[in-house]
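Novice: Here you go, input_24.cif (mmCIF, C-alpha atoms and all ligand atoms):
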```
data_upload
#
loop_
_atom_site.label_atom_id
_atom_site.label_comp_id
_atom_site.auth_asym_id
_atom_site.auth_seq_id
_atom_site.Cartn_x
_atom_site.Cartn_y
_atom_site.Cartn_z
CA MET A 1 -8.51 117.41 34.84
CA THR A 2 -9.17 117.84 38.55
CA GLU A 3 -12.61 117.14 39.94
CA LYS A 4 -14.97 120.01 40.60
CA ALA A 5 -14.30 121.79 43.89
CA LEU A 6 -16.62 121.32 46.87
CA ARG A 7 -17.93 124.66 48.16
CA LEU A 8 -17.61 125.23 51.91
CA GLY A 9 -19.83 128.05 53.20
CA THR A 10 -18.15 129.99 56.01
CA ARG A 11 -18.46 133.14 58.07
CA ARG A 12 -15.74 135.70 57.57
CA SER A 13 -14.54 135.91 61.18
CA LYS A 14 -11.00 134.83 61.91
CA LEU A 15 -12.28 131.92 64.03
CA ALA A 16 -14.72 130.72 61.36
CA MET A 17 -12.10 131.02 58.64
CA ALA A 18 -9.58 129.10 60.75
CA GLN A 19 -11.91 126.21 61.54
CA SER A 20 -13.31 126.10 58.01
CA GLY A 21 -9.77 126.03 56.65
CA GLN A 22 -8.83 123.10 58.88
CA VAL A 23 -11.96 121.15 57.94
CA ALA A 24 -11.45 122.01 54.25
CA ASP A 25 -8.07 120.26 54.35
CA ALA A 26 -9.54 117.18 56.05
CA VAL A 27 -12.48 117.00 53.62
CA SER A 28 -10.14 117.39 50.68
CA GLN A 29 -8.17 114.38 51.98
CA VAL A 30 -11.17 112.07 52.36
CA THR A 31 -12.92 113.10 49.14
CA GLY A 32 -9.88 113.64 46.93
CA ARG A 33 -11.54 116.86 45.76
CA PRO A 34 -10.39 120.44 46.18
CA VAL A 35 -12.45 122.52 48.63
CA GLU A 36 -13.20 126.17 47.99
CA LEU A 37 -14.24 128.58 50.79
CA VAL A 38 -17.34 130.70 50.08
CA GLU A 39 -17.75 133.64 52.49
CA ILE A 40 -21.21 134.32 53.83
CA THR A 41 -22.16 137.26 56.05
CA THR A 42 -24.55 136.54 58.90
CA TYR A 43 -26.74 138.75 61.03
CA GLY A 44 -24.54 137.92 64.02
CA ASP A 45 -21.53 139.38 62.22
CA VAL A 46 -23.10 142.74 61.50
CA SER A 47 -25.26 143.30 64.58
CA ARG A 48 -23.88 145.60 67.26
CA GLU A 49 -26.31 144.29 69.84
CA HIS A 50 -25.33 141.88 72.55
CA LEU A 51 -25.95 138.30 71.53
CA ALA A 52 -28.21 137.71 74.49
CA GLN A 53 -30.34 140.68 73.45
CA ILE A 54 -30.73 139.44 69.91
CA GLY A 55 -32.12 136.37 71.65
CA GLY A 56 -32.80 133.01 70.15
CA THR A 57 -30.22 130.46 69.20
CA GLY A 58 -28.12 130.15 66.15
CA VAL A 59 -27.91 133.72 64.89
CA PHE A 60 -24.60 132.79 63.29
CA VAL A 61 -25.96 129.64 61.78
CA ALA A 62 -29.11 130.69 59.92
CA ALA A 63 -27.44 132.35 56.93
CA LEU A 64 -25.13 129.37 56.38
CA ARG A 65 -28.10 127.02 56.43
CA GLU A 66 -30.00 129.14 53.95
CA ALA A 67 -27.02 129.04 51.60
CA LEU A 68 -26.91 125.23 51.95
CA LEU A 69 -30.62 124.87 51.23
CA ARG A 70 -30.40 127.21 48.23
CA GLY A 71 -27.59 125.03 46.87
CA GLU A 72 -25.06 127.89 46.92
CA VAL A 73 -22.62 125.82 48.98
CA ASP A 74 -22.13 122.08 49.49
CA PHE A 75 -21.33 122.01 53.19
CA ALA A 76 -20.75 124.22 56.20
CA VAL A 77 -18.79 124.04 59.43
CA HIS A 78 -20.36 125.25 62.67
CA SER A 79 -19.08 125.55 66.22
CA LEU A 80 -21.35 122.95 67.74
CA LYS A 81 -22.08 125.14 70.74
CA ASP A 82 -23.65 127.74 68.44
CA LEU A 83 -25.88 125.20 66.68
CA PRO A 84 -29.56 125.11 67.73
CA THR A 85 -30.50 121.76 69.25
CA ALA A 86 -33.49 121.27 66.94
CA GLN A 87 -32.72 119.25 63.83
CA HIS A 88 -33.09 121.30 60.65
CA GLU A 89 -35.38 119.97 57.94
CA GLY A 90 -33.43 118.83 54.89
CA LEU A 91 -30.00 119.12 56.55
CA VAL A 92 -27.81 116.57 58.30
CA VAL A 93 -24.80 116.86 60.58
CA ALA A 94 -22.69 114.43 58.57
CA ALA A 95 -19.63 114.59 60.83
CA ILE A 96 -18.62 115.66 64.31
CA PRO A 97 -14.82 115.40 64.38
CA GLU A 98 -12.89 114.67 67.56
CA ARG A 99 -13.38 117.45 70.05
CA GLU A 100 -10.52 119.58 71.29
CA ASP A 101 -10.04 120.95 74.79
CA PRO A 102 -13.57 121.84 75.95
CA ARG A 103 -12.44 124.10 78.81
CA ASP A 104 -12.84 127.81 79.25
CA VAL A 105 -9.69 129.82 79.89
CA VAL A 106 -8.79 133.14 81.42
CA VAL A 107 -6.71 135.79 79.70
CA ALA A 108 -5.75 138.21 82.46
CA ARG A 109 -3.36 141.09 82.89
CA ASP A 110 -0.10 140.44 84.73
CA ALA A 111 -0.40 136.71 83.90
CA ARG A 112 -2.93 136.31 86.72
CA LYS A 113 -4.91 133.19 87.44
CA LEU A 114 -8.55 133.25 88.52
CA THR A 115 -7.49 132.71 92.14
CA ASP A 116 -5.12 135.68 92.24
CA LEU A 117 -7.17 138.33 90.52
CA PRO A 118 -7.27 141.56 92.55
CA ARG A 119 -10.29 142.39 94.72
CA GLY A 120 -13.08 143.84 92.57
CA ALA A 121 -11.50 142.55 89.35
CA ARG A 122 -13.53 143.24 86.23
CA MET A 123 -13.95 140.06 84.18
CA GLY A 124 -15.37 140.28 80.68
CA THR A 125 -17.74 137.65 79.35
CA GLY A 126 -21.00 137.87 77.46
CA ALA A 127 -22.11 134.37 78.40
CA PRO A 128 -24.67 134.04 81.22
CA ARG A 129 -23.29 130.52 81.78
CA ARG A 130 -19.82 131.90 82.52
CA MET A 131 -21.18 134.76 84.65
CA ALA A 132 -23.25 132.37 86.75
CA GLN A 133 -20.40 129.99 87.46
CA LEU A 134 -17.70 132.64 87.95
CA ASN A 135 -19.90 134.60 90.33
CA ALA A 136 -20.80 131.40 92.20
CA TYR A 137 -17.10 130.55 92.51
CA ALA A 138 -16.30 134.03 93.77
CA ARG A 139 -19.09 133.88 96.37
CA THR A 140 -17.91 130.55 97.76
CA HIS A 141 -14.22 131.49 97.74
CA GLY A 142 -14.38 134.90 99.38
CA MET A 143 -13.49 136.72 96.17
CA GLU A 144 -14.97 139.92 94.82
CA ILE A 145 -15.29 140.08 91.06
CA GLU A 146 -17.47 142.00 88.68
CA THR A 147 -18.57 140.23 85.51
CA VAL A 148 -18.84 142.67 82.62
CA PRO A 149 -20.86 141.72 79.52
CA ILE A 150 -18.78 141.98 76.37
CA ARG A 151 -18.92 140.51 72.93
CA GLY A 152 -16.84 140.59 69.81
CA ASN A 153 -14.26 138.35 68.24
CA VAL A 154 -11.25 136.86 69.98
CA ASP A 155 -8.96 139.80 69.14
CA THR A 156 -11.51 142.33 70.39
CA ARG A 157 -11.98 140.48 73.67
CA ILE A 158 -8.27 140.09 74.34
CA GLY A 159 -7.93 143.76 73.44
CA TYR A 160 -9.99 144.75 76.51
CA VAL A 161 -7.26 143.28 78.71
CA ARG A 162 -4.42 144.80 76.68
CA SER A 163 -6.03 148.25 76.89
CA GLY A 164 -6.59 147.97 80.64
CA ASP A 165 -10.40 148.29 80.35
CA LEU A 166 -10.78 144.87 81.97
CA ASP A 167 -8.64 142.79 84.32
CA ALA A 168 -9.50 139.55 82.54
CA VAL A 169 -11.66 137.96 79.88
CA VAL A 170 -12.96 134.40 79.68
CA LEU A 171 -12.86 132.53 76.38
CA ALA A 172 -13.05 129.01 75.05
CA ALA A 173 -9.66 127.28 74.78
CA ALA A 174 -10.70 125.73 71.48
CA GLY A 175 -11.38 129.07 69.85
CA LEU A 176 -8.06 130.53 70.97
CA ASN A 177 -6.26 127.42 69.78
CA ARG A 178 -7.87 127.57 66.36
CA VAL A 179 -6.77 131.17 65.80
CA GLY A 180 -3.28 130.50 67.18
CA ARG A 181 -3.58 132.63 70.33
CA MET A 182 -3.03 129.99 73.04
CA ASP A 183 0.00 131.93 74.27
CA GLU A 184 -2.44 134.53 75.66
CA VAL A 185 -3.92 132.06 78.18
CA THR A 186 -3.04 132.80 81.79
CA ASP A 187 -5.29 130.18 83.44
CA PHE A 188 -7.16 127.05 82.38
CA LEU A 189 -10.43 126.84 84.27
CA SER A 190 -11.14 123.45 85.75
CA VAL A 191 -14.48 122.10 84.59
CA ASP A 192 -15.29 121.74 88.29
CA THR A 193 -15.18 125.55 88.44
CA VAL A 194 -16.73 126.42 85.08
CA LEU A 195 -18.52 123.70 83.13
CA PRO A 196 -18.27 124.49 79.40
CA ALA A 197 -21.18 125.12 77.07
CA PRO A 198 -22.84 122.02 75.61
CA GLY A 199 -20.78 121.05 72.56
CA GLN A 200 -17.94 123.45 73.31
CA GLY A 201 -14.72 122.59 71.49
CA ALA A 202 -16.49 120.45 68.91
CA LEU A 203 -17.35 121.23 65.30
CA ALA A 204 -20.33 120.12 63.24
CA ILE A 205 -20.01 119.55 59.50
CA GLU A 206 -23.41 119.96 57.89
CA CYS A 207 -24.71 119.32 54.39
CA THR A 208 -28.07 118.66 52.74
CA ALA A 209 -29.57 115.25 53.53
CA ASP A 210 -30.15 114.44 49.85
CA ASN A 211 -26.43 114.64 49.04
CA ALA A 212 -25.79 110.95 49.82
CA ASP A 213 -22.26 110.75 48.38
CA LEU A 214 -21.08 113.75 50.39
CA VAL A 215 -22.85 112.54 53.56
CA ALA A 216 -21.00 109.22 53.23
CA ALA A 217 -17.63 110.86 52.54
CA LEU A 218 -17.93 113.32 55.43
CA ALA A 219 -18.87 110.48 57.80
CA GLU A 220 -15.23 109.41 57.68
CA LEU A 221 -14.39 112.50 59.73
CA ASP A 222 -16.89 111.60 62.45
CA ASP A 223 -15.67 110.70 65.94
CA PRO A 224 -18.32 108.47 67.58
CA PHE A 225 -17.29 109.28 71.19
CA THR A 226 -17.41 113.00 70.56
CA ARG A 227 -20.75 112.58 68.83
CA ALA A 228 -22.17 110.58 71.75
CA ALA A 229 -20.86 113.12 74.30
CA VAL A 230 -22.14 116.23 72.56
CA THR A 231 -25.45 114.53 71.75
CA ALA A 232 -25.96 113.88 75.48
CA GLU A 233 -24.95 117.47 76.34
CA ARG A 234 -27.27 118.97 73.74
CA SER A 235 -30.10 116.67 74.74
CA LEU A 236 -29.75 118.04 78.28
CA LEU A 237 -29.89 121.59 76.91
CA ALA A 238 -32.96 120.81 74.79
CA ALA A 239 -34.77 119.03 77.61
CA LEU A 240 -34.17 122.04 79.86
CA GLU A 241 -35.76 124.03 77.04
CA ALA A 242 -32.80 126.35 77.04
CA GLY A 243 -30.93 127.98 74.17
CA CYS A 244 -27.25 128.65 73.48
CA SER A 245 -27.34 131.92 75.43
CA ALA A 246 -28.91 130.31 78.55
CA PRO A 247 -26.86 129.88 81.71
CA VAL A 248 -26.41 126.15 81.10
CA GLY A 249 -23.14 124.23 81.21
CA ALA A 250 -22.78 120.56 80.30
CA LEU A 251 -19.94 118.14 79.72
CA ALA A 252 -19.96 114.42 79.00
CA ASP A 253 -16.80 112.38 79.36
CA LEU A 254 -15.77 108.76 79.47
CA LEU A 255 -14.95 107.05 82.74
CA ALA A 256 -12.24 104.43 82.28
CA ASP A 257 -10.88 101.67 84.46
CA GLY A 258 -7.29 101.55 83.33
CA GLN A 259 -7.50 101.32 79.54
CA VAL A 260 -11.04 100.00 79.52
CA VAL A 261 -13.80 102.57 78.98
CA LYS A 262 -16.57 101.80 81.44
CA GLU A 263 -19.21 104.49 81.40
CA MET A 264 -20.16 107.92 80.20
CA ARG A 265 -20.60 110.64 82.79
CA LEU A 266 -22.71 113.68 82.03
CA ARG A 267 -22.38 116.76 84.22
CA GLY A 268 -24.74 119.71 84.05
CA VAL A 269 -25.15 123.10 85.68
CA VAL A 270 -27.75 125.86 85.58
CA GLY A 271 -27.56 129.04 87.60
CA THR A 272 -28.57 132.63 88.03
CA THR A 273 -26.03 135.02 86.49
CA ASP A 274 -25.26 136.54 89.90
CA GLY A 275 -24.11 133.11 91.05
CA SER A 276 -26.40 133.07 94.08
CA THR A 277 -28.05 129.81 93.05
CA LEU A 278 -26.64 126.91 91.06
CA VAL A 279 -28.17 123.54 90.31
CA GLN A 280 -25.26 121.20 89.57
CA LEU A 281 -25.76 117.49 89.02
CA SER A 282 -24.23 114.56 87.21
CA THR A 283 -25.31 111.15 86.04
CA THR A 284 -23.47 108.16 84.63
CA GLY A 285 -24.58 105.36 82.35
CA PRO A 286 -23.30 102.85 79.84
CA VAL A 287 -21.44 104.48 76.94
CA PRO A 288 -24.28 105.28 74.52
CA GLU A 289 -24.13 103.11 71.41
CA THR A 290 -26.97 104.86 69.63
CA HIS A 291 -28.22 108.39 69.09
CA GLU A 292 -31.30 107.55 71.14
CA ALA A 293 -29.22 106.25 74.08
CA ALA A 294 -27.17 109.48 74.13
CA MET A 295 -30.37 111.54 73.98
CA ALA A 296 -31.80 109.52 76.87
CA LEU A 297 -28.76 110.25 79.07
CA GLY A 298 -29.28 113.99 78.56
CA ARG A 299 -33.02 113.80 79.23
CA GLU A 300 -32.41 111.79 82.39
CA LEU A 301 -30.11 114.45 83.84
CA ALA A 302 -32.49 117.23 82.75
CA THR A 303 -35.34 115.56 84.63
CA GLU A 304 -33.23 115.48 87.80
CA MET A 305 -32.12 119.09 87.37
CA LEU A 306 -35.69 120.27 86.74
CA ALA A 307 -36.77 118.45 89.91
CA GLN A 308 -34.18 120.60 91.76
CA GLY A 309 -35.65 123.82 90.39
CA ALA A 310 -33.51 124.34 87.27
CA ALA A 311 -36.36 125.87 85.25
CA GLY A 312 -36.73 128.80 87.62
CA LEU A 313 -33.10 129.81 87.08
CA MET A 314 -33.18 130.15 83.32
CA GLY A 315 -35.64 132.92 82.65
CA GLU A 316 -33.27 135.84 83.04
CA ARG A 317 -31.08 137.49 80.47
CA ALA A 318 -27.62 138.93 80.37
CA HIS A 319 -27.66 142.70 80.55
N1 LIG B 1 -19.66 132.06 71.54
C1 LIG B 1 -18.82 132.21 70.38
C2 LIG B 1 -17.98 131.01 70.14
N2 LIG B 1 -18.46 129.95 69.47
C3 LIG B 1 -17.47 129.00 69.40
C4 LIG B 1 -16.35 129.51 70.02
C5 LIG B 1 -15.06 128.80 70.08
C6 LIG B 1 -15.05 127.57 70.91
C7 LIG B 1 -15.82 126.38 70.42
O1 LIG B 1 -15.78 126.03 69.23
O2 LIG B 1 -16.46 125.75 71.25
C8 LIG B 1 -16.65 130.79 70.50
C9 LIG B 1 -15.77 131.72 71.21
C10 LIG B 1 -15.74 131.59 72.73
O3 LIG B 1 -16.73 131.18 73.34
O4 LIG B 1 -14.72 131.97 73.33
#
```
Take the structure from the file and write it as structure tokens.
Specialist:
Amino acid sequence: MTEKALRLGTRRSKLAMAQSGQVADAVSQVTGRPVELVEITTYGDVSREHLAQIGGTGVFVAALREALLRGEVDFAVHSLKDLPTAQHEGLVVAAIPEREDPRDVVVARDARKLTDLPRGARMGTGAPRRMAQLNAYARTHGMEIETVPIRGNVDTRIGYVRSGDLDAVVLAAAGLNRVGRMDEVTDFLSVDTVLPAPGQGALAIECTADNADLVAALAELDDPFTRAAVTAERSLLAALEAGCSAPVGALADLLADGQVVKEMRLRGVVGTTDGSTLVQLSTTGPVPETHEAAMALGRELATEMLAQGAAGLMGERAH
């Protein structure tokens, strides 16, 4: 007789199903148990409002967490960038697997790159972070673009380019990769141009803290460098007192001397959505060996960014 299946709570979207499916296979390998997907509908899936108007972080996450706490599912997989920075009572992020490409990409008509979009090009993105950095890039490079707020799943967003409504849309590489649409990418945005969202490209596998056996099993899927990097990025976000729809970008990476990893660098950006003002800073430190050290790196950069006026740039909303 096979062991009882583990229940993985997931949203129904193509992206959620894809990443849950991939994690299900990995969890099945490390636990030796079958994993069954349990579909859960969230407010974010049914709302027609723009995400930024709904406000608050984690609209996609709340329903999954409730299902975990009610014992309806054993674990859940979240896009880390959608996860609120505050720790949730009774739950634990048991694994953060190795991150994939954290960059944003452009899907544009006529295979265009950001630099050869036509004058006045309409670029779709619902993220204030992307608007701020794209508009700042355009201002400093003599380009004229119009950022157009959109939302919807990957297919919907790419559809705006196919239909000719927009010249381009900006998406996360990781999301496109997970749903098998990388062939749509016409440009990879350098992180010097657009810094990704804190945690972008990484997944969080969450379960209840009292489920010690599962916590231990899932820990095998954890990648300590990814965990340290995203912890620093999310600590920056939290210390700026910003949420997942704030115009904040952050990326931590390892600086190596040949093969030897020397330090962790954390870059951060905050800006107004029109791109007229950006606060962009970075800091480096020893590779964090503990959760607290990674948190400290993020707080340190936040303090510097706040001293440069970061707080004043975060009040506005996408519209
Ligand atoms: N905001 C929605 C969202 N949440 C996670 C991803 C996929 C990328 C990731 O896991 O970081 C996306 C789509 C996108 O931003 O294009």
Novice: Have a look at A:Leu218, A:Ala302, A:Leu166, A:Val179 and name the one nearest to ligand LIG 1 (chain B); count all atoms listed in the file.
Specialist: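 The answer is A:Val179, which sits nearest to ligand LIG 1 (chain B).
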Novice: Using only C-alpha atoms for the distances, tell me which of A:Glu36, A:Asp187, A:Asp82, A:Glu98 is nearest to Asp110 (chain A).
Specialist: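 The closest residue to Asp110 (chain A) is A:Asp187.
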Novice: If we count all atoms listed in the file, what is near Ile158 (chain A) at a cut-off of 10 Å, once residues fewer than 3 positions away on the same chain are taken out, given as a list in words?
Specialist: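 With the cut-off at 10 Å, the set is Val106, Val107, Ala108, Arg109, Gly124, Gly152, Asn153, Val154, Asp155, Val161, Arg162, Ser163, Leu166, Ala168, Val169, Val170, Leu171, Arg181, Glu184 and Val185 of chain A.
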Novice: Within 7 Å of region 191-197 of chain A, counting all atoms listed in the file, which residues show up once you throw out same-chain ones fewer than 2 positions away? Write them as a PyMOL selection string, please.
Specialist: chain A and resi 81+102-104+130+133-134+137+189+199-200+248-251
Novice: Could you tell me how far CA of Glu144 (chain A) sits from CA of Arg122 (chain A), in Å to one decimal place?
Specialist: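 Between CA of Arg122 (chain A) and CA of Glu144 (chain A) the gap is 9.3 Å.
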Novice: Give as a list in words every residue, naming chains and numbers as the document does, that has an atom within 7 Å of (-23.0, 113.7, 76.3), counting only C-alpha atoms.
Specialist: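 Counting only C-alpha atoms, I find these residues within 7 Å of (-23.0, 113.7, 76.3): Ala228, Ala229, Val230, Thr231, Ala232, Glu233, Leu251, Ala252, Leu266, Ala294 and Gly298 of chain A.
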Novice: Let me see the file: selected residues, C-alpha atoms, as a PDB file, in the frame of the given file.
Specialist:
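Saved result, again_0.pdb, follows:
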```pdb
ATOM      1  CA  ALA A 228     -22.170 110.580  71.750  1.00  0.00           C
ATOM      2  CA  ALA A 229     -20.860 113.120  74.300  1.00  0.00           C
ATOM      3  CA  VAL A 230     -22.140 116.230  72.560  1.00  0.00           C
ATOM      4  CA  THR A 231     -25.450 114.530  71.750  1.00  0.00           C
ATOM      5  CA  ALA A 232     -25.960 113.880  75.480  1.00  0.00           C
ATOM      6  CA  GLU A 233     -24.950 117.470  76.340  1.00  0.00           C
ATOM      7  CA  LEU A 251     -19.940 118.140  79.720  1.00  0.00           C
ATOM      8  CA  ALA A 252     -19.960 114.420  79.000  1.00  0.00           C
ATOM      9  CA  LEU A 266     -22.710 113.680  82.030  1.00  0.00           C
ATOM     10  CA  ALA A 294     -27.170 109.480  74.130  1.00  0.00           C
ATOM     11  CA  GLY A 298     -29.280 113.990  78.560  1.00  0.00           C
TER      12      GLY A 298
END
```
Novice: A:Ala127, A:Met143, A:Val77, A:Leu68: which is nearest Thr115 (chain A), counting all atoms listed in the file?
Specialist: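 Nearest to Thr115 (chain A): A:Met143.
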Novice: From the set A:Ala63, A:Leu6, A:Met123, A:Leu176, which residue has the shortest atom-to-atom contact distance to ligand LIG 1 (chain B), counting only C-alpha atoms and all ligand atoms?
Specialist: A:Leu176
Novice: Between A:Val269, A:Ala311, A:Leu83, A:Val279, which has the minimum distance to ligand LIG 1 (chain B) (counting all atoms listed in the file)?
Specialist: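 Smallest separation from ligand LIG 1 (chain B) among the options: A:Leu83.
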Novice: Mind pulling up the distance from CA of Thr125 (chain A) to CA of Ala76 (chain A)?
Specialist: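 Computed distance, CA of Ala76 (chain A) to CA of Thr125 (chain A), equals 26.9 Å.
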Novice: Could you write out as JSON the box around ligand LIG 1 (chain B) (axis-aligned, all atoms listed in the file, 6 Å on each side), with centre and edge lengths in Å to one decimal?
Specialist:
```
{"center_x": -17.2, "center_y": 129.0, "center_z": 71.3, "size_x": 16.9, "size_y": 18.5, "size_z": 16.1}
```
Novice: When you draw a straight line from CA of Ala216 (chain A) to CA of Arg70 (chain A), how long is it in Å?
Specialist: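 Computed distance, CA of Ala216 (chain A) to CA of Arg70 (chain A), equals 20.9 Å.
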Novice: Which is closest to ligand LIG 1 (chain B) among A:Gly90, A:Gly126, A:Gly201, A:Gly258, if we use all atoms listed in the file?
Specialist: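 Once distances to ligand LIG 1 (chain B) are computed over all atoms listed in the file, the minimum belongs to A:Gly201.
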Novice: List as a ChimeraX atom specification the protein and nucleic acid residues near Ile40 (chain A), meaning an atom at most 10 Å away when all atoms listed in the file are counted, but skip any in the same chain fewer than 5 places from it.
Specialist: /A:8-12,45,63-64,67,73
Novice: My structure is short of atoms at region 202-226 of chain A; please model N, CA and C atoms there, returning them as a compact mmCIF listing (two decimals), in the coordinates of the input.
Specialist:
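As written to disk, result-v2.txt reads:
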```
# COMPACT_ATOMS: atom_id res chain seq x y z
N ALA A 202 -16.20 121.38 70.00
CA ALA A 202 -16.49 120.45 68.91
C ALA A 202 -17.04 121.22 67.71
N LEU A 203 -16.84 120.65 66.54
CA LEU A 203 -17.35 121.23 65.30
C LEU A 203 -18.41 120.32 64.71
N ALA A 204 -19.34 120.90 63.97
CA ALA A 204 -20.33 120.12 63.24
C ALA A 204 -20.17 120.42 61.75
N ILE A 205 -20.10 119.38 60.96
CA ILE A 205 -20.01 119.55 59.50
C ILE A 205 -21.37 119.16 58.93
N GLU A 206 -22.02 120.15 58.31
CA GLU A 206 -23.41 119.96 57.89
C GLU A 206 -23.54 120.06 56.37
N CYS A 207 -24.40 119.22 55.82
CA CYS A 207 -24.71 119.32 54.39
C CYS A 207 -26.19 118.95 54.19
N THR A 208 -26.66 119.01 52.96
CA THR A 208 -28.07 118.66 52.74
C THR A 208 -28.22 117.14 52.78
N ALA A 209 -29.35 116.69 53.30
CA ALA A 209 -29.57 115.25 53.53
C ALA A 209 -29.63 114.47 52.22
N ASP A 210 -30.00 115.15 51.13
CA ASP A 210 -30.15 114.44 49.85
C ASP A 210 -28.82 114.21 49.12
N ASN A 211 -27.74 114.76 49.68
CA ASN A 211 -26.43 114.64 49.04
C ASN A 211 -25.71 113.40 49.58
N ALA A 212 -26.22 112.21 49.20
CA ALA A 212 -25.79 110.95 49.82
C ALA A 212 -24.28 110.70 49.71
N ASP A 213 -23.69 111.00 48.56
CA ASP A 213 -22.26 110.75 48.38
C ASP A 213 -21.43 111.59 49.36
N LEU A 214 -21.82 112.85 49.49
CA LEU A 214 -21.08 113.75 50.39
C LEU A 214 -21.31 113.34 51.85
N VAL A 215 -22.56 112.99 52.19
CA VAL A 215 -22.85 112.54 53.56
C VAL A 215 -21.95 111.36 53.91
N ALA A 216 -21.81 110.41 52.98
CA ALA A 216 -21.00 109.22 53.23
C ALA A 216 -19.51 109.58 53.36
N ALA A 217 -19.04 110.48 52.51
CA ALA A 217 -17.63 110.86 52.54
C ALA A 217 -17.30 111.61 53.84
N LEU A 218 -18.18 112.53 54.21
CA LEU A 218 -17.93 113.32 55.43
C LEU A 218 -17.95 112.45 56.68
N ALA A 219 -18.75 111.37 56.63
CA ALA A 219 -18.87 110.48 57.80
C ALA A 219 -17.52 109.92 58.24
N GLU A 220 -16.57 109.89 57.32
CA GLU A 220 -15.23 109.41 57.68
C GLU A 220 -14.54 110.32 58.70
N LEU A 221 -15.00 111.55 58.79
CA LEU A 221 -14.39 112.50 59.73
C LEU A 221 -15.09 112.48 61.08
N ASP A 222 -16.11 111.64 61.22
CA ASP A 222 -16.89 111.60 62.45
C ASP A 222 -16.16 110.85 63.56
N ASP A 223 -16.22 111.39 64.77
CA ASP A 223 -15.67 110.70 65.94
C ASP A 223 -16.85 110.26 66.82
N PRO A 224 -17.11 108.95 66.89
CA PRO A 224 -18.32 108.47 67.58
C PRO A 224 -18.40 108.86 69.06
N PHE A 225 -17.25 108.90 69.77
CA PHE A 225 -17.29 109.28 71.19
C PHE A 225 -17.65 110.75 71.35
N THR A 226 -17.06 111.59 70.50
CA THR A 226 -17.41 113.00 70.56
C THR A 226 -18.89 113.18 70.23
```
